[in-house]
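Scroll down for the structure; my scribbles are underneath it.
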Amino acid sequence: MITLAEENYLKAIWAISLNTNEKASTNAIADEISTSAASVSDMLRKLQEKELIKYEKYKGVELSEKGGNLATSIIRKHRLWETFLVNKLAFNWGEVHDVAEQLEHIKSDELVDKLDSFLGFPKFDPHGEPIPTKDGEIPTTNAIPLNELQTATKGRVMGVTLDEKSFLDYLTQLNIRIGTKIELLEKISFDQSLSINIENTNQHISNDVAKHLLIKIK
């Protein structure tokens, strides 16, 4: 039997490993889950006993095949539920994370498969995150962070790398969402902020905002 807390740890390890292509450190997991390193160490021992991870002290953590399959399944459910909430129930993209956190722990594979079919087998969630398939395949995209583009480059918002409500609400205020047309007009050397054109309206954003916006170049 896997607890909700254990599932959340598997998700955290999965996300860290995917983003860094390295084993997850105890401190990185603690930051991801907002807990102490001591609590992480206790949980890692439990996950190792259940053969969900491979863990060597001071050398980092990686998911076992069993743990990886479970984590991918949880991520799939979370992102499908976010897609359902936004596309079918008209939730704002900044509201759905916490609700999906609750729904992702539903155990019925049949329900999730029917949800996937009902939604038309989407490849990306409302934040642009890839939705793993039933077989664990993860769709790829050639999107690039906005702050890494060359001046005068045009593209569309493909996704975000930060799904905190305050950040998504700020993007909504700027009229930025998935599919929004963006052109990088200028990079300010003083503070690395950016001058951009959003749907024919000029805006100025910080580098911290730009680095979390993924752009698909035309």
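As shown in the structure tokens, the chain order sets the letters A, B, ...; within each chain, residues go from 1, and ligands are also counted from 1 in the order they appear.
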
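Omitting A:Asp116 and its sequence neighbours fewer than 2 positions away, and counting only C-alpha atoms, the residues within 10 Å are Arg76, Lys77, Leu80, Trp81, Thr83, Phe84, Glu110, Leu111, Val112, Asp113, Lys114, Phe118, Leu119, Gly120, Phe121, Pro122, Lys123, Ile131, Thr133 and Lys134 of chain A.
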
- prompt: DSSP on the backbone: what in stretch 83-162 of chain A comes out strand (DSSP E or B), as a PyMOL selection string?
  reply: chain A and resi 124+130+144-145+154-160

field: Residues within 9 Å of A:Pro130, only C-alpha atoms, excluding chain neighbours under 4 positions, as a list in words
entry: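 In the requested form, the answer reads Arg76, Arg79, Pro122, Lys123, Phe124, Asp125, Ile138, Pro139, Thr140 and Thr141 of chain A.
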
task: Could you check which of A:Lys181, A:His105, A:Lys57, A:His78 is closest to A:Thr201, using only C-alpha atoms?
output: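 Answer, going by the shortest atom-to-atom distance: A:Lys181.
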
Which stretch 78-153 of chain A residues have any atom within 9 Å of an atom of stretch 161-171 of chain A, and for each, what is the nearest pair of atoms with distance in Å to one decimal, counting only C-alpha atoms, rows sorted by chain and number, as CSV?
residue,atom,partner,partner_atom,distance
A:Asn92,CA,A:Asp169,CA,8.9
A:Trp93,CA,A:Leu168,CA,7.1
A:Gly94,CA,A:Lys165,CA,4.6
A:Glu95,CA,A:Lys165,CA,6.6
A:Val96,CA,A:Lys165,CA,8.9
A:His97,CA,A:Asp163,CA,7.6
A:His127,CA,A:Asp163,CA,7.1
A:Gly128,CA,A:Thr161,CA,8.5
A:Glu129,CA,A:Thr161,CA,7.9
A:Pro145,CA,A:Thr161,CA,8.9

- request: Work out how far atom CA of A:Val99 is from atom CA of A:Asp31, in Å to one decimal.
  value: 21.5 Å

Could you make a table, as a tab-separated table, of the residues of stretch 96-149 of chain A that have an atom within 7 Å of an atom of stretch 205-218 of chain A, each with its nearest atom pair and distance in Å to one decimal, counting only C-alpha atoms, in chain and number order?
residue	atom	partner	partner_atom	distance
A:Asn142	CA	A:Lys216	CA	6.5
A:Ala143	CA	A:Lys216	CA	4.4
A:Ile144	CA	A:Ile215	CA	5.1
A:Pro145	CA	A:Leu214	CA	4.4
A:Leu146	CA	A:Ala210	CA	5.1
A:Asn147	CA	A:Ala210	CA	5.2

- prompt: How would you write, as a ChimeraX atom specification, the set of residues in stretch 39-149 of chain A that DSSP gives as alpha helix (DSSP H)?
  reply: /A:39-49,65-87,96-103,109-118

With N, CA and C atoms kept, could you save the residues just selected as a short mmCIF file (atom, residue, chain, number, x, y, z; two decimals), in the first residue's frame?
data_model
loop_
_atom_site.label_atom_id
_atom_site.label_comp_id
_atom_site.auth_asym_id
_atom_site.auth_seq_id
_atom_site.Cartn_x
_atom_site.Cartn_y
_atom_site.Cartn_z
N SER A 39 13.25 14.90 7.47
CA SER A 39 12.00 14.24 7.08
C SER A 39 12.17 13.49 5.76
N VAL A 40 12.93 14.09 4.84
CA VAL A 40 13.19 13.43 3.56
C VAL A 40 13.96 12.14 3.77
N SER A 41 14.97 12.16 4.61
CA SER A 41 15.77 10.97 4.87
C SER A 41 14.91 9.83 5.42
N ASP A 42 14.00 10.17 6.33
CA ASP A 42 13.11 9.15 6.90
C ASP A 42 12.23 8.55 5.81
N MET A 43 11.69 9.40 4.94
CA MET A 43 10.82 8.91 3.87
C MET A 43 11.59 8.07 2.86
N LEU A 44 12.81 8.46 2.55
CA LEU A 44 13.59 7.70 1.58
C LEU A 44 13.85 6.28 2.05
N ARG A 45 14.04 6.12 3.35
CA ARG A 45 14.22 4.77 3.88
C ARG A 45 12.97 3.92 3.66
N LYS A 46 11.80 4.53 3.84
CA LYS A 46 10.54 3.81 3.64
C LYS A 46 10.36 3.45 2.16
N LEU A 47 10.68 4.39 1.28
CA LEU A 47 10.52 4.14 -0.15
C LEU A 47 11.49 3.07 -0.64
N GLN A 48 12.67 3.04 -0.04
CA GLN A 48 13.64 2.02 -0.43
C GLN A 48 13.20 0.63 0.04
N GLU A 49 12.61 0.57 1.22
CA GLU A 49 12.10 -0.70 1.73
C GLU A 49 11.01 -1.26 0.81
N GLU A 65 12.44 0.99 -11.38
CA GLU A 65 11.46 0.83 -12.47
C GLU A 65 10.04 0.88 -11.92
N LYS A 66 9.84 0.21 -10.80
CA LYS A 66 8.52 0.21 -10.15
C LYS A 66 8.12 1.61 -9.72
N GLY A 67 9.05 2.33 -9.09
CA GLY A 67 8.77 3.69 -8.64
C GLY A 67 8.56 4.65 -9.79
N GLY A 68 9.34 4.47 -10.86
CA GLY A 68 9.21 5.34 -12.03
C GLY A 68 7.86 5.16 -12.71
N ASN A 69 7.41 3.92 -12.81
CA ASN A 69 6.11 3.66 -13.43
C ASN A 69 4.99 4.28 -12.60
N LEU A 70 5.11 4.17 -11.29
CA LEU A 70 4.08 4.74 -10.41
C LEU A 70 4.08 6.26 -10.49
N ALA A 71 5.27 6.87 -10.46
CA ALA A 71 5.35 8.33 -10.54
C ALA A 71 4.79 8.85 -11.86
N THR A 72 5.11 8.17 -12.95
CA THR A 72 4.61 8.59 -14.26
C THR A 72 3.09 8.51 -14.31
N SER A 73 2.53 7.47 -13.69
CA SER A 73 1.08 7.32 -13.65
C SER A 73 0.43 8.46 -12.86
N ILE A 74 1.04 8.85 -11.76
CA ILE A 74 0.49 9.93 -10.95
C ILE A 74 0.55 11.25 -11.71
N ILE A 75 1.67 11.51 -12.36
CA ILE A 75 1.83 12.73 -13.16
C ILE A 75 0.78 12.76 -14.27
N ARG A 76 0.58 11.62 -14.92
CA ARG A 76 -0.41 11.53 -15.99
C ARG A 76 -1.80 11.90 -15.47
N LYS A 77 -2.17 11.35 -14.34
CA LYS A 77 -3.49 11.64 -13.77
C LYS A 77 -3.61 13.12 -13.41
N HIS A 78 -2.58 13.66 -12.78
CA HIS A 78 -2.61 15.07 -12.38
C HIS A 78 -2.84 15.98 -13.59
N ARG A 79 -2.09 15.74 -14.64
CA ARG A 79 -2.17 16.64 -15.80
C ARG A 79 -3.44 16.43 -16.61
N LEU A 80 -3.96 15.22 -16.62
CA LEU A 80 -5.26 15.00 -17.27
C LEU A 80 -6.37 15.70 -16.50
N TRP A 81 -6.32 15.64 -15.17
CA TRP A 81 -7.34 16.31 -14.38
C TRP A 81 -7.25 17.83 -14.55
N GLU A 82 -6.03 18.38 -14.62
CA GLU A 82 -5.89 19.81 -14.86
C GLU A 82 -6.52 20.19 -16.21
N THR A 83 -6.28 19.36 -17.21
CA THR A 83 -6.84 19.61 -18.54
C THR A 83 -8.36 19.58 -18.50
N PHE A 84 -8.91 18.61 -17.80
CA PHE A 84 -10.37 18.50 -17.67
C PHE A 84 -10.94 19.73 -16.96
N LEU A 85 -10.32 20.13 -15.88
CA LEU A 85 -10.83 21.26 -15.10
C LEU A 85 -10.83 22.56 -15.89
N VAL A 86 -9.79 22.77 -16.69
CA VAL A 86 -9.71 24.00 -17.48
C VAL A 86 -10.59 23.93 -18.73
N ASN A 87 -10.48 22.83 -19.47
CA ASN A 87 -11.16 22.74 -20.77
C ASN A 87 -12.65 22.44 -20.66
N VAL A 96 -6.15 25.32 -10.83
CA VAL A 96 -6.39 23.89 -10.95
C VAL A 96 -5.37 22.99 -10.26
N HIS A 97 -4.20 23.51 -9.93
CA HIS A 97 -3.16 22.65 -9.38
C HIS A 97 -3.59 21.97 -8.08
N ASP A 98 -4.13 22.75 -7.15
CA ASP A 98 -4.50 22.18 -5.85
C ASP A 98 -5.63 21.17 -5.97
N VAL A 99 -6.58 21.44 -6.86
CA VAL A 99 -7.69 20.49 -7.05
C VAL A 99 -7.17 19.19 -7.68
N ALA A 100 -6.30 19.34 -8.68
CA ALA A 100 -5.72 18.16 -9.33
C ALA A 100 -4.86 17.35 -8.37
N GLU A 101 -4.24 18.03 -7.39
CA GLU A 101 -3.46 17.33 -6.36
C GLU A 101 -4.33 16.33 -5.61
N GLN A 102 -5.58 16.68 -5.41
CA GLN A 102 -6.51 15.78 -4.71
C GLN A 102 -6.97 14.66 -5.64
N LEU A 103 -7.28 15.01 -6.88
CA LEU A 103 -7.83 14.03 -7.81
C LEU A 103 -6.80 13.01 -8.30
N ASP A 109 -7.75 2.94 -12.73
CA ASP A 109 -7.13 3.07 -14.06
C ASP A 109 -8.19 3.23 -15.14
N GLU A 110 -9.31 2.56 -14.96
CA GLU A 110 -10.39 2.66 -15.96
C GLU A 110 -10.91 4.09 -16.06
N LEU A 111 -11.08 4.75 -14.91
CA LEU A 111 -11.54 6.13 -14.92
C LEU A 111 -10.56 7.03 -15.65
N VAL A 112 -9.27 6.86 -15.38
CA VAL A 112 -8.25 7.71 -16.00
C VAL A 112 -8.19 7.48 -17.50
N ASP A 113 -8.29 6.21 -17.92
CA ASP A 113 -8.28 5.91 -19.35
C ASP A 113 -9.49 6.53 -20.06
N LYS A 114 -10.65 6.49 -19.41
CA LYS A 114 -11.85 7.08 -20.00
C LYS A 114 -11.74 8.61 -20.01
N LEU A 115 -11.12 9.16 -19.00
CA LEU A 115 -10.89 10.61 -18.97
C LEU A 115 -9.98 11.02 -20.11
N ASP A 116 -8.92 10.28 -20.33
CA ASP A 116 -7.98 10.55 -21.42
C ASP A 116 -8.71 10.52 -22.77
N SER A 117 -9.53 9.50 -22.96
CA SER A 117 -10.30 9.35 -24.21
C SER A 117 -11.31 10.49 -24.36
N PHE A 118 -12.00 10.84 -23.28
CA PHE A 118 -13.00 11.91 -23.29
C PHE A 118 -12.37 13.24 -23.71
#

query: Taking only C-alpha atoms into account, which of A:Val157, A:Thr151, A:Asn21, A:His204 comes nearest A:Arg177?
result: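 Smallest distance to A:Arg177 is found for A:Val157.
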
message: Would you pick out the contacts of A:Ile182 at 8 Å or less, using only C-alpha atoms, so that residues sharing its chain but fewer than 2 positions from it are not included, and give the list as a VMD selection string?
response: chain A and resid 154 to 157 180 184 196 to 199

Next, the residues of the selection above should be written as a compact mmCIF listing (two decimals), in the first residue's frame with N, CA and C atoms.
# COMPACT_ATOMS: atom_id res chain seq x y z
N LYS A 154 10.03 35.67 -33.14
CA LYS A 154 8.59 35.57 -32.90
C LYS A 154 8.22 34.12 -32.60
N GLY A 155 7.19 33.96 -31.76
CA GLY A 155 6.72 32.62 -31.46
C GLY A 155 5.42 32.66 -30.68
N ARG A 156 5.04 31.51 -30.17
CA ARG A 156 3.83 31.40 -29.35
C ARG A 156 4.18 30.75 -28.01
N VAL A 157 3.44 31.13 -26.98
CA VAL A 157 3.64 30.52 -25.67
C VAL A 157 3.21 29.05 -25.74
N THR A 180 -0.51 32.36 -26.86
CA THR A 180 -0.32 33.79 -27.06
C THR A 180 0.88 34.06 -27.97
N LEU A 184 10.08 38.99 -29.14
CA LEU A 184 11.09 39.60 -28.29
C LEU A 184 11.66 40.82 -29.00
N ILE A 196 8.88 43.15 -24.85
CA ILE A 196 8.22 42.18 -25.73
C ILE A 196 6.95 42.78 -26.32
N ASN A 197 6.48 42.17 -27.39
CA ASN A 197 5.19 42.50 -27.97
C ASN A 197 4.27 41.30 -27.79
N ILE A 198 3.14 41.55 -27.12
CA ILE A 198 2.15 40.49 -26.87
C ILE A 198 0.88 40.82 -27.63
N GLU A 199 0.59 40.04 -28.64
CA GLU A 199 -0.64 40.25 -29.41
C GLU A 199 -0.78 41.72 -29.80

- request: Calculate how many Å separate atom CA of A:Ala30 from atom CA of A:Leu18, rounding to one decimal.
  value: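 A separation of 16.5 Å between them.
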
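Computed from the coordinates, the atom CA of A:Leu10 to atom CA of A:Ile53 distance equals 8.4 Å.
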